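Worksheet for the structure shown next.
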Amino acid sequence: MVNVPLNDITEIEFTLFNSGQINLTETIYIHVSGISADWYELLPSHVDGLEINEEKPVILRIKITPELCGGDCKKFYLVNLEAKSAEISRVASFTIKIPSLPINETGSAEVEKKEGGSMIPDITGFTISIPSVSSPYLPLTIIVILLILIVNKKKTAPTSRKTFGKQGKRGHELRSFIVSSLHRIKKNL
C-alpha cells in the first residue's frame with residue numbers, strides 16, 4: 001500500500017525485469033489503470049526491449065487534488081500496471097491510500113505529511129483489501145446456524161444399534177434371516 005497525500009506529488013519507482021530465458025526485442029508499453037489519466041505521469045511510458053536479466057526503472061508520478069477527484073475522492077484505489085508487447089503481457093497491482101484530511105480551525109483541510117518515500121515490495125500479484133465484517137448479531141447468527149445443523153444431523157443420522165432378540169417383529173425377522181443364512185452357508189461347506 002502506498003500513501004498518496006492530496007495536493008502532493010508522490011513518486012513510485014518500480015522495475016521492469018526480464019527474468020525469462022529469451023531476449024525481449026519488441027517495444028514494451030506500460031499502461032496504468034484504476035486511476036484517472038489526469039492523476040499520473042509515467043516515465044518512461046515504454047521500454048525498447050529487455051535483455052535476459054536486464055532491469056529498467058520506471059517512475060509513476062502521482063498527484064491527486066480534490067478538483068481532479070471531483071470533490072469525491074475515495075480512500076483506496078487499486079492500481080494495475082500492465083507491461084505489454086507482442087512477446088509478453090504481465091500485470092502487477094498495488095493499492096494507493098489517500099490519507100485522511102483533518103480539518104484545522106479555519107475550516108480548510110490540512111494534508112497529512114509522511115517522512116520518506118514508499119516502497120512497493122515485489123509487485124507480482126493482486127492486493128485485495130476486504131473490509132471486516134462486524135455486527136452485534138453475527139455471533140448469534142453463527143450459533144443459530146450451528147444448532148440447526150446439529151439438530152438436522154441428529155434427525156438424519158442412521159441408528160447404529162441393531163435390533164436382535166425380542167425387539168419386536170423387525171428384530172425377529174432379522175434374527176431368522178441371519179440364522180437361515182448361516183444354515184445355507186453350512187450346507188454349502
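Chain labels A, B, ... are given in the sequence in which chains occur in the C-alpha cells; within each chain residues are numbered consecutively from 1, and ligands are likewise numbered from 1 in the order shown.
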Quiz item: Counting only C-alpha atoms, what is within 7 Å of segment 4-10 of chain A, bar same-chain residues fewer than 2 positions away, as a PyMOL selection string?
Solution: chain A and resi 2+12+61-65+96-99+111-112
Self-check item: Shell around Ser19 of chain A at 7 Å using only C-alpha atoms, local window under 2 positions removed, as a PyMOL selection string
Solution: chain A and resi 17+21+52-53
Put those residues in a file: N, CA and C atoms, as a compact mmCIF listing (two decimals), in the first residue's frame.
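What follows is the written file out.txt:
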```
# COMPACT_ATOMS: atom_id res chain seq x y z
N PHE A 17 11.80 -6.13 -15.14
CA PHE A 17 12.89 -7.10 -15.06
C PHE A 17 12.57 -8.28 -15.96
N GLN A 21 14.11 -16.49 -20.21
CA GLN A 21 15.29 -17.09 -20.83
C GLN A 21 15.49 -16.64 -22.26
N ILE A 52 18.09 -10.64 -21.33
CA ILE A 52 17.90 -11.59 -20.23
C ILE A 52 18.53 -10.99 -18.97
N ASN A 53 17.80 -11.02 -17.85
CA ASN A 53 18.22 -10.50 -16.54
C ASN A 53 18.46 -8.98 -16.53
```
Quiz prompt | Residue nearest Ala92 of chain A among A:Leu16, A:Leu140, A:Val47, A:Leu24 (counting only C-alpha atoms) | solution =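 Comparing A:Leu16, A:Leu140, A:Val47, A:Leu24 against Ala92 of chain A, the winner is A:Leu16.
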Quiz prompt | Two-atom distance - atom CA of Lys153 of chain A, atom CA of Leu174 of chain A (Å) | solution =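 If I compute the distance from atom CA of Lys153 of chain A to atom CA of Leu174 of chain A, I get 26.6 Å.
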